[in-house]
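Note: the block below is work26.txt and it holds compact mmCIF, C-alpha atoms.
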```txt
# COMPACT_ATOMS: atom_id res chain seq x y z
CA MET L 24 85.77 114.56 75.99
CA VAL L 25 86.31 112.54 79.17
CA GLU L 26 83.42 110.38 80.31
CA LYS L 27 82.49 110.59 84.01
CA VAL L 28 81.92 107.07 85.32
CA LEU L 29 80.95 106.02 88.82
CA VAL L 30 81.96 102.45 89.70
CA SER L 31 80.79 101.27 93.10
CA TRP L 32 79.98 98.19 95.11
CA ILE L 33 76.41 98.04 96.41
CA GLY L 34 76.89 97.85 100.15
CA GLU L 35 74.71 96.90 103.08
CA THR L 36 74.08 100.57 103.89
CA ASP L 37 72.82 101.17 100.35
CA LEU L 38 70.46 98.20 100.54
CA ASN L 39 69.13 99.05 104.00
CA SER L 40 68.50 102.70 103.18
CA ALA L 41 66.59 101.72 100.03
CA ILE L 42 63.81 100.33 102.22
CA SER L 43 64.03 103.04 104.88
CA ASP L 44 62.48 106.48 105.16
CA SER L 45 65.75 108.14 104.16
CA PRO L 46 67.03 106.51 100.96
CA LEU L 47 69.32 109.44 100.17
CA SER L 48 71.40 108.69 103.26
CA ALA L 49 73.15 105.83 101.47
CA PRO L 50 76.54 106.42 99.89
CA ILE L 51 75.53 105.61 96.29
CA SER L 52 72.20 107.44 96.24
CA SER L 53 73.61 110.52 97.98
CA THR L 54 76.46 110.64 95.47
CA LEU L 55 74.04 110.33 92.54
CA SER L 56 71.79 113.04 93.94
CA THR L 57 74.64 115.56 94.16
CA LEU L 58 76.92 114.71 91.24
CA SER L 59 76.27 113.83 87.62
CA PHE L 60 77.80 110.92 85.73
CA ASP L 61 77.66 109.73 82.15
CA ARG L 62 77.60 106.12 83.26
CA VAL L 63 77.10 104.24 86.53
CA VAL L 64 78.45 100.72 87.05
CA LEU L 65 77.22 98.95 90.17
CA LEU L 66 78.83 95.78 91.45
CA CYS L 67 77.18 93.36 93.84
CA CYS L 68 78.31 90.14 95.47
CA TYR L 69 75.15 89.33 97.42
CA PRO L 70 73.49 85.96 96.78
CA LYS L 71 70.74 85.84 94.17
CA ALA L 72 68.33 84.90 96.96
CA ARG L 73 68.55 88.50 98.20
CA PRO L 74 65.49 90.51 97.09
CA ASN L 75 66.21 92.49 93.92
CA LYS L 76 63.45 95.02 94.69
CA ARG L 77 65.75 96.66 97.23
CA CYS L 78 68.39 97.40 94.61
CA CYS L 79 65.88 98.67 92.09
CA ARG L 80 64.33 101.02 94.65
CA LEU L 81 67.71 102.65 95.25
CA PHE L 82 67.51 104.38 91.90
CA ALA L 83 63.79 104.69 91.29
```
For the structure just supplied, provide its representation as structure tokens.
Amino acid sequence: MVEKVLVSWIGETDLNSAISDSPLSAPISSTLSTLSFDRVVLLCCYPKARPNKRCCRLFA
């Protein structure tokens, strides 16, 4: 059986929509709401000083 894996960079649009009134408008969250995956790997290159709550809210 082939495993379905989504690998994606967390982009500015994903972070901004996580704190907006329309979180499903972001590329990652809209993909996850319409398709199913066995595993999701998210990559991020933002500094550690960036609030982590925004990323967590994306997938709450």
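Ranking L:Leu38, L:Val30, L:Ser43, L:Pro50 by their shortest atom-to-atom distance to Val63 in chain L, with all atoms listed in the file included, puts L:Val30 first.
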If you take every atom of range 41-53 of chain L that the file lists and fit an axis-aligned box around them with 3 Å extra on each side, what centre and edge lengths come out in Å to one decimal, as lines of an AutoDock Vina configuration file?
```
center_x = 69.5
center_y = 105.4
center_z = 100.7
size_x = 20.1
size_y = 16.2
size_z = 14.9
```
Quote the spacing between CA of Leu66 in chain L and CA of Ala49 in chain L in Å to one decimal place.
15.3 Å
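Taking CA of Leu65 in chain L as the reference point, CA of Ser45 in chain L is found at 20.3 Å.
Computed from the coordinates, the CA of Ile33 in chain L to CA of Cys67 in chain L distance equals 5.4 Å.
Between Tyr69 in chain L and the candidates L:Glu35, L:Ser40, L:Ser48, L:Ser56, the tightest atom-to-atom separation, counting only C-alpha atoms, involves L:Glu35.
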Which residue of L:Phe60, L:Pro46, L:Leu55, L:Asn39 approaches Val25 in chain L most closely, using only C-alpha atoms:
L:Phe60
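Using only C-alpha atoms, the smallest distance between any of L:Ser59, L:Thr54, L:Cys68, L:Leu47 and Gly34 in chain L comes from L:Cys68.
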